[in-house]
file entry.cif (mmCIF, C-alpha atoms)
data_final
#
loop_
_atom_site.label_atom_id
_atom_site.label_comp_id
_atom_site.auth_asym_id
_atom_site.auth_seq_id
_atom_site.Cartn_x
_atom_site.Cartn_y
_atom_site.Cartn_z
CA MET A 234 51.06 -65.81 -37.16
CA ALA A 235 51.59 -62.71 -39.31
CA GLY A 236 49.70 -64.31 -42.14
CA GLY A 237 46.85 -65.24 -39.82
CA GLY A 238 46.66 -61.64 -38.63
CA THR A 239 46.43 -60.43 -42.23
CA ARG A 240 43.67 -62.87 -42.98
CA ASN A 241 41.64 -61.72 -39.95
CA TRP A 242 41.96 -58.10 -41.05
CA ARG A 243 40.88 -58.99 -44.52
CA LEU A 244 37.91 -60.92 -43.15
CA VAL A 245 36.78 -57.89 -41.15
CA ARG A 246 37.24 -55.66 -44.12
CA ALA A 247 35.40 -58.11 -46.20
CA ASP A 248 32.49 -58.18 -43.74
CA THR A 249 32.28 -54.38 -43.71
CA ASP A 250 32.69 -53.96 -47.38
CA ALA A 251 30.12 -56.62 -47.88
CA VAL A 252 27.31 -54.27 -46.60
CA PRO A 253 25.59 -52.90 -49.67
CA PRO A 254 25.53 -49.10 -50.08
CA SER A 255 21.73 -49.14 -49.99
CA ALA A 256 21.82 -50.84 -46.60
CA ARG A 257 24.32 -48.34 -45.27
CA ARG A 258 22.12 -45.48 -46.48
CA PHE A 259 19.12 -47.14 -44.82
CA MET A 260 20.98 -47.45 -41.51
CA ALA A 261 22.15 -43.83 -41.74
CA ARG A 262 18.60 -42.66 -42.33
CA ALA A 263 17.41 -44.79 -39.40
CA ARG A 264 19.99 -43.17 -37.12
CA GLN A 265 18.93 -39.75 -38.39
CA ARG A 266 15.27 -40.54 -37.72
CA ARG A 267 16.14 -41.67 -34.20
CA MET A 268 18.03 -38.44 -33.60
CA GLN A 269 15.15 -36.39 -34.98
CA ALA A 270 12.68 -38.28 -32.79
CA ALA A 271 14.87 -37.71 -29.73
CA ARG A 272 15.56 -34.03 -30.47
CA PRO A 273 12.26 -32.66 -28.98
CA TRP A 274 12.89 -34.63 -25.82
CA LEU A 275 16.44 -33.36 -25.60
CA ILE A 276 15.29 -29.79 -26.16
CA THR A 277 12.55 -30.19 -23.55
CA ALA A 278 15.03 -31.60 -21.05
CA ALA A 279 17.42 -28.74 -21.73
CA VAL A 280 14.64 -26.17 -21.29
CA LEU A 281 13.57 -27.78 -18.01
CA VAL A 282 17.14 -27.77 -16.74
CA VAL A 283 17.56 -24.08 -17.64
CA ALA A 284 14.15 -23.17 -16.18
CA GLY A 285 14.88 -25.08 -13.01
CA GLY A 286 18.20 -23.30 -12.71
CA LEU A 287 16.53 -19.92 -13.14
CA VAL A 288 13.85 -20.73 -10.57
CA TRP A 289 16.49 -21.84 -8.12
CA LEU A 290 18.51 -18.69 -8.85
CA VAL A 291 15.50 -16.40 -8.27
CA TYR A 292 13.80 -18.17 -5.37
CA GLY A 293 16.53 -20.19 -3.72
CA THR A 294 19.60 -17.98 -3.63
CA SER A 295 20.56 -14.50 -2.48
CA VAL A 296 21.84 -13.49 -5.92
CA LEU A 297 18.58 -11.58 -6.44
CA GLY A 298 18.05 -10.98 -2.73
CA VAL A 299 16.88 -7.77 -1.06
CA ARG A 300 19.79 -5.38 -0.72
CA GLN A 301 17.83 -2.15 -0.41
CA VAL A 302 14.42 -1.16 0.97
CA GLU A 303 13.40 2.14 -0.59
CA VAL A 304 10.76 4.18 1.27
CA VAL A 305 8.86 7.00 -0.44
CA GLY A 306 5.99 9.29 0.57
CA THR A 307 6.74 9.75 4.28
CA GLU A 308 6.54 13.10 6.05
CA VAL A 309 5.71 12.36 9.68
CA LEU A 310 7.43 8.99 9.75
CA SER A 311 11.08 8.44 8.99
CA ALA A 312 12.25 5.94 6.39
CA ASP A 313 13.98 3.94 9.13
CA GLN A 314 10.72 3.63 11.08
CA VAL A 315 9.03 2.19 8.01
CA ARG A 316 11.91 -0.19 7.32
CA GLN A 317 11.86 -1.39 10.91
CA ALA A 318 8.12 -2.04 10.73
CA ALA A 319 8.47 -3.79 7.36
CA ALA A 320 11.04 -6.18 8.89
CA VAL A 321 12.34 -7.53 5.56
CA PRO A 322 15.43 -9.72 6.13
CA ASP A 323 18.56 -8.75 4.23
CA LEU A 324 19.24 -10.90 1.16
CA LEU A 325 15.84 -12.58 1.32
CA PRO A 326 15.11 -13.53 -2.32
CA LEU A 327 13.16 -10.59 -3.72
CA ALA A 328 10.69 -12.94 -5.40
CA ARG A 329 9.84 -14.53 -2.05
CA VAL A 330 8.92 -11.29 -0.28
CA ASP A 331 5.26 -11.49 0.77
CA LYS A 332 4.02 -8.04 -0.19
CA ASP A 333 0.72 -8.46 1.69
CA GLU A 334 2.48 -9.32 4.93
CA VAL A 335 4.96 -6.46 4.60
CA GLY A 336 2.11 -4.05 3.79
CA ALA A 337 0.14 -5.21 6.82
CA ARG A 338 3.11 -4.61 9.10
CA VAL A 339 3.68 -1.12 7.72
CA ARG A 340 -0.02 -0.27 8.05
CA GLY A 341 0.38 -1.05 11.73
CA LEU A 342 2.12 2.32 12.06
CA ALA A 343 -0.53 4.79 13.24
CA PRO A 344 0.25 7.58 10.72
CA VAL A 345 -0.04 5.21 7.73
CA ASP A 346 -3.28 5.37 5.76
CA ARG A 347 -2.32 3.28 2.72
CA VAL A 348 0.79 1.48 1.52
CA VAL A 349 1.86 0.00 -1.81
CA ILE A 350 4.69 -2.57 -2.00
CA SER A 351 6.51 -3.25 -5.26
CA ARG A 352 9.67 -4.99 -6.47
CA SER A 353 12.38 -3.18 -8.39
CA TRP A 354 14.72 -5.75 -9.86
CA PRO A 355 17.29 -6.92 -9.27
CA SER A 356 17.46 -6.24 -5.52
CA THR A 357 15.24 -3.37 -4.30
CA LEU A 358 11.92 -3.49 -2.45
CA VAL A 359 9.95 -0.24 -2.77
CA ILE A 360 7.52 0.79 -0.01
CA GLU A 361 5.26 3.69 -1.00
CA VAL A 362 3.46 5.19 1.99
CA VAL A 363 0.44 7.49 2.03
CA GLU A 364 0.17 9.07 5.46
CA ARG A 365 -3.04 10.18 7.13
CA THR A 366 -4.15 13.79 6.66
CA PRO A 367 -5.37 15.58 9.81
CA VAL A 368 -8.77 17.29 9.75
CA ALA A 369 -8.90 18.35 13.40
CA ALA A 370 -6.87 18.48 16.59
CA VAL A 371 -8.38 17.12 19.79
CA PRO A 372 -7.14 18.84 22.98
CA ALA A 373 -5.73 16.26 25.38
CA ARG A 374 -4.32 17.83 28.54
CA ASP A 375 -1.34 19.89 27.42
CA GLN A 376 -1.11 18.23 24.01
CA PHE A 377 -3.17 17.75 20.87
CA LEU A 378 -4.27 14.49 19.27
CA LEU A 379 -4.59 14.66 15.49
CA ILE A 380 -7.46 12.78 13.83
CA ASP A 381 -8.05 12.10 10.13
CA ASP A 382 -11.29 12.10 8.14
CA GLU A 383 -12.13 8.64 9.49
CA GLY A 384 -11.78 9.78 13.08
CA MET A 385 -8.57 7.83 13.56
CA PRO A 386 -6.29 9.39 16.19
CA TYR A 387 -2.76 8.82 14.96
CA ARG A 388 -0.36 11.46 16.26
CA VAL A 389 0.24 13.55 19.37
CA VAL A 390 1.74 17.03 18.99
CA ALA A 391 2.70 19.67 21.52
CA GLU A 392 1.03 22.57 19.70
CA GLN A 393 -2.12 22.97 17.65
CA PRO A 394 -1.16 22.91 13.96
CA ARG A 395 -1.76 26.19 12.20
CA GLY A 396 -5.03 26.27 10.26
CA LEU A 397 -6.41 23.11 11.89
CA PRO A 398 -9.63 23.46 13.92
CA LEU A 399 -10.10 21.98 17.34
CA ALA A 400 -12.53 19.13 17.93
CA ARG A 401 -13.63 18.93 21.53
CA LEU A 402 -14.24 15.20 21.93
CA ALA A 403 -13.98 12.96 24.97
CA THR A 404 -12.96 9.73 23.22
CA PRO A 405 -12.04 10.29 19.56
CA ALA A 406 -12.18 7.08 17.54
CA PRO A 407 -13.63 5.82 14.22
CA GLY A 408 -16.52 4.09 16.01
CA ASP A 409 -17.31 6.92 18.39
CA SER A 410 -20.68 8.58 17.63
CA ASN A 411 -19.53 12.01 18.80
CA THR A 412 -16.47 11.78 16.57
CA GLY A 413 -18.64 10.78 13.62
CA SER A 414 -20.93 13.77 14.20
CA ALA A 415 -17.97 16.15 14.38
CA LEU A 416 -16.60 14.82 11.10
CA THR A 417 -20.00 15.12 9.40
CA VAL A 418 -20.30 18.76 10.42
CA LEU A 419 -16.72 19.62 9.50
CA SER A 420 -17.13 18.13 6.03
CA SER A 421 -20.26 20.25 5.40
CA LEU A 422 -18.85 23.64 6.33
CA SER A 423 -18.61 26.42 3.76
CA ASP A 424 -15.32 28.19 3.17
CA GLU A 425 -16.62 31.22 5.11
CA LEU A 426 -17.53 29.15 8.16
CA ARG A 427 -14.29 27.18 7.99
CA GLU A 428 -12.33 30.42 7.86
CA GLN A 429 -13.91 31.62 11.12
CA LEU A 430 -14.06 28.27 12.86
CA VAL A 431 -12.06 27.86 16.05
CA ALA A 432 -13.51 24.57 17.33
CA VAL A 433 -16.36 22.13 16.97
CA SER A 434 -17.66 20.92 20.32
CA VAL A 435 -19.60 17.65 20.57
CA PRO A 436 -20.49 16.69 24.16
CA SER A 437 -23.23 14.51 22.65
CA PRO A 438 -24.52 13.84 19.11
CA VAL A 439 -27.43 16.27 19.68
CA GLU A 440 -25.42 19.08 21.29
CA ILE A 441 -23.07 20.11 18.50
CA ARG A 442 -21.87 23.69 18.49
CA LEU A 443 -19.33 25.68 16.52
CA GLU A 444 -17.02 28.11 18.25
CA LEU A 445 -16.15 30.97 15.91
CA ARG A 446 -13.76 33.88 16.13
CA LYS A 447 -14.59 36.84 18.34
CA GLY A 448 -16.46 34.57 20.75
CA ARG A 449 -19.39 33.87 18.42
CA VAL A 450 -21.18 30.51 18.62
CA VAL A 451 -23.32 28.52 16.19
CA ILE A 452 -25.78 26.11 17.83
CA TRP A 453 -25.91 23.19 15.41
CA GLY A 454 -27.99 20.62 17.25
CA ASP A 455 -27.47 17.18 15.71
CA ASP A 456 -25.61 16.38 12.49
CA THR A 457 -28.73 16.00 10.31
CA LYS A 458 -29.27 18.51 7.49
CA SER A 459 -25.72 19.72 7.99
CA ASP A 460 -25.41 21.04 4.42
CA GLU A 461 -28.55 23.12 4.84
CA LYS A 462 -27.44 24.35 8.27
CA SER A 463 -24.09 25.37 6.81
CA LYS A 464 -25.77 27.48 4.10
CA VAL A 465 -28.07 29.17 6.61
CA ALA A 466 -25.30 29.85 9.13
CA THR A 467 -23.07 31.25 6.38
CA ALA A 468 -25.81 33.64 5.26
CA LEU A 469 -26.22 34.87 8.82
CA LEU A 470 -22.57 35.56 9.54
CA ALA A 471 -23.00 39.18 8.50
CA GLN A 472 -25.79 39.66 11.04
CA LYS A 473 -25.10 41.00 14.51
CA GLY A 474 -25.35 38.61 17.41
CA ASP A 475 -23.06 36.32 19.36
CA GLU A 476 -25.19 33.19 19.02
CA ILE A 477 -26.68 31.79 15.83
CA ASN A 478 -29.03 28.86 16.31
CA VAL A 479 -29.52 26.72 13.20
CA SER A 480 -30.54 23.52 14.97
CA ALA A 481 -33.87 23.92 13.13
CA PRO A 482 -32.62 25.49 9.86
CA SER A 483 -36.10 26.54 8.75
CA VAL A 484 -36.57 28.58 11.95
CA VAL A 485 -33.31 30.24 13.01
CA THR A 486 -32.64 32.60 15.87
CA ILE A 487 -29.89 35.13 16.49
CA ARG A 488 -29.14 36.80 19.76
#
call {"tool": "encode", "arguments": {"input": "entry.cif", "output": "structure tokens"}}
result
Amino acid sequence: MAGGGTRNWRLVRADTDAVPPSARRFMARARQRRMQAARPWLITAAVLVVAGGLVWLVYGTSVLGVRQVEVVGTEVLSADQVRQAAAVPDLLPLARVDKDEVGARVRGLAPVDRVVISRSWPSTLVIEVVERTPVAAVPARDQFLLIDDEGMPYRVVAEQPRGLPLARLATPAPGDSNTGSALTVLSSLSDELREQLVAVSVPSPVEIRLELRKGRVVIWGDDTKSDEKSKVATALLAQKGDEINVSAPSVVTIR
């Protein structure tokens, strides 16, 4: 039995040793070629696995989730009011935050004019707010409604802000014709007129009048030729008279 075992081993050795060196080199080169041919596929598979893992990490887990909502640019609003309006869930993957939707919710706050949403990796959402700037205060009972240069009423205050003229309007709104006329006139005023202006009164688009200091009045008429009317009224401020009528700027009257 021992001899038989030795013979079998020798036969195997003989079979292996019987392969010529050239054949072994050929087989080695064949294996190498197969490995080289498979290498791009292996690399591609590895890249896909890594990329898939990264995508899952960024979009599918809270590792890079929202941990802070930073609010900048607010004066009237508080940061908490903006965060509440933004309604961004904690730990929501930062990459999955819909900036348009968040911006639309924040713009729903009346004092907000514009908003910019950006991501600050790894875990902060930045909300930059530009608030509306008041151009006039509309008396409303015992309070004042602030409007911006688009006629948008956005804030109620108890007192008239210092340096802000009154706009006597029944229904201030961006689409209101009286509001539009008031804004046109206000934007055309010279520094001298603006300095003396107390209020612009617009009961109708053709009955605009400026109330100045010391009880003086400028009859404006409608909002056409407002730049010309402003120049004429400014030139006549030094003249005596409580009422300056520039509704027809080429033929003015003072009384």
call {"tool": "atom_distance", "arguments": {"input": "entry.cif", "atom1": "atom CA of A:Gly384", "atom2": "atom CA of A:Ala432"}}
result
15.5 Å
call {"tool": "residues_around", "arguments": {"input": "entry.cif", "residues": "stretch 354-356 of chain A", "least_positions_apart": "4", "cutoff": "6 Å", "atoms": "all atoms listed in the file", "output": "ChimeraX atom specification"}}
result
/A:297-300
call {"tool": "atom_distance", "arguments": {"input": "entry.cif", "atom1": "atom CA of A:Val305", "atom2": "atom CA of A:Leu324"}}
result
20.8 Å
call {"tool": "resolve_selection", "arguments": {"input": "entry.cif", "expression": "the PyMOL selection byres ((chain A and resi 318-320) around 6)", "output": "list in words"}}
result
Val315, Arg316, Gln317, Val321, Val335, Arg338 and Val339 of chain A
call {"tool": "residues_around", "arguments": {"input": "entry.cif", "residues": "A:Leu342", "least_positions_apart": "5", "cutoff": "12 Å", "atoms": "only C-alpha atoms", "output": "PyMOL selection string"}}
result
chain A and resi 307+309-311+314-319+335-337+347-348+362-365+386-388
call {"tool": "resolve_selection", "arguments": {"input": "entry.cif", "expression": "the PyMOL selection byres ((chain A and resi 391-401) around 8)", "output": "count of residues only"}}
result
21
call {"tool": "atom_distance", "arguments": {"input": "entry.cif", "atom1": "atom CA of A:Asn478", "atom2": "atom CA of A:Ile441"}}
result
10.8 Å
call {"tool": "resolve_selection", "arguments": {"input": "entry.cif", "expression": "the PyMOL selection byres ((chain A and resi 425) around 10)", "output": "PyMOL selection string"}}
result
chain A and resi 422-424+426-430+463-464+466-468+470
call {"tool": "write_last_selection", "arguments": {"input": "entry.cif", "atoms": "C-alpha atoms", "output": "JSON list (two decimals), keeping the file's coordinate frame"}}
result
[["chain", "number", "residue", "atom", "x", "y", "z"],
["A", 422, "LEU", "CA", -18.85, 23.64, 6.33],
["A", 423, "SER", "CA", -18.61, 26.42, 3.76],
["A", 424, "ASP", "CA", -15.32, 28.19, 3.17],
["A", 426, "LEU", "CA", -17.53, 29.15, 8.16],
["A", 427, "ARG", "CA", -14.29, 27.18, 7.99],
["A", 428, "GLU", "CA", -12.33, 30.42, 7.86],
["A", 429, "GLN", "CA", -13.91, 31.62, 11.12],
["A", 430, "LEU", "CA", -14.06, 28.27, 12.86],
["A", 463, "SER", "CA", -24.09, 25.37, 6.81],
["A", 464, "LYS", "CA", -25.77, 27.48, 4.10],
["A", 466, "ALA", "CA", -25.30, 29.85, 9.13],
["A", 467, "THR", "CA", -23.07, 31.25, 6.38],
["A", 468, "ALA", "CA", -25.81, 33.64, 5.26],
["A", 470, "LEU", "CA", -22.57, 35.56, 9.54]]
call {"tool": "residues_around", "arguments": {"input": "entry.cif", "residues": "A:Arg449", "least_positions_apart": "4", "cutoff": "6 Å", "atoms": "only C-alpha atoms", "output": "MDAnalysis selection string"}}
result
chainID A and resid 445 475:476
call {"tool": "residues_around", "arguments": {"input": "entry.cif", "residues": "A:Ser353", "least_positions_apart": "4", "cutoff": "12 Å", "atoms": "all atoms listed in the file", "output": "list in words"}}
result
Leu297, Gly298, Val299, Arg300, Gln301, Val302, Glu303, Leu327, Ala328, Val330, Thr357, Leu358, Val359 and Ile360 of chain A
call {"tool": "closest_residue", "arguments": {"input": "entry.cif", "among": "A:Ile276, A:Val304, A:Thr366, A:Glu383", "to": "A:Ser351", "atoms": "all atoms listed in the file"}}
result
A:Val304
call {"tool": "closest_residue", "arguments": {"input": "entry.cif", "among": "A:Val349, A:Val296, A:Ala343, A:Ala373", "to": "A:Asp323", "atoms": "only C-alpha atoms"}}
result
A:Val296
call {"tool": "closest_residue", "arguments": {"input": "entry.cif", "among": "A:Gly474, A:Glu444, A:Pro438, A:Gly341", "to": "A:Thr457", "atoms": "only C-alpha atoms"}}
result
A:Pro438
call {"tool": "closest_residue", "arguments": {"input": "entry.cif", "among": "A:Ile477, A:Arg446, A:Arg340, A:Asp381", "to": "A:Ser420", "atoms": "all atoms listed in the file"}}
result
A:Asp381
call {"tool": "closest_atom_pairs", "arguments": {"input": "entry.cif", "of": "stretch 316-431 of chain A", "to": "stretch 452-455 of chain A", "cutoff": "12 Å", "atoms": "only C-alpha atoms", "output": "CSV"}}
result
residue,atom,partner,partner_atom,distance
A:Ser410,CA,A:Asp455,CA,11.1
A:Asn411,CA,A:Asp455,CA,10.0
A:Gly413,CA,A:Asp455,CA,11.1
A:Ser414,CA,A:Asp455,CA,7.5
A:Ala415,CA,A:Asp455,CA,9.6
A:Thr417,CA,A:Asp455,CA,10.0
A:Val418,CA,A:Trp453,CA,8.7
A:Leu419,CA,A:Trp453,CA,11.5
A:Ser421,CA,A:Trp453,CA,11.9
A:Leu422,CA,A:Trp453,CA,11.5
call {"tool": "closest_residue", "arguments": {"input": "entry.cif", "among": "A:Leu325, A:Lys447, A:Glu440, A:Asp333", "to": "A:Ser295", "atoms": "all atoms listed in the file"}}
result
A:Leu325
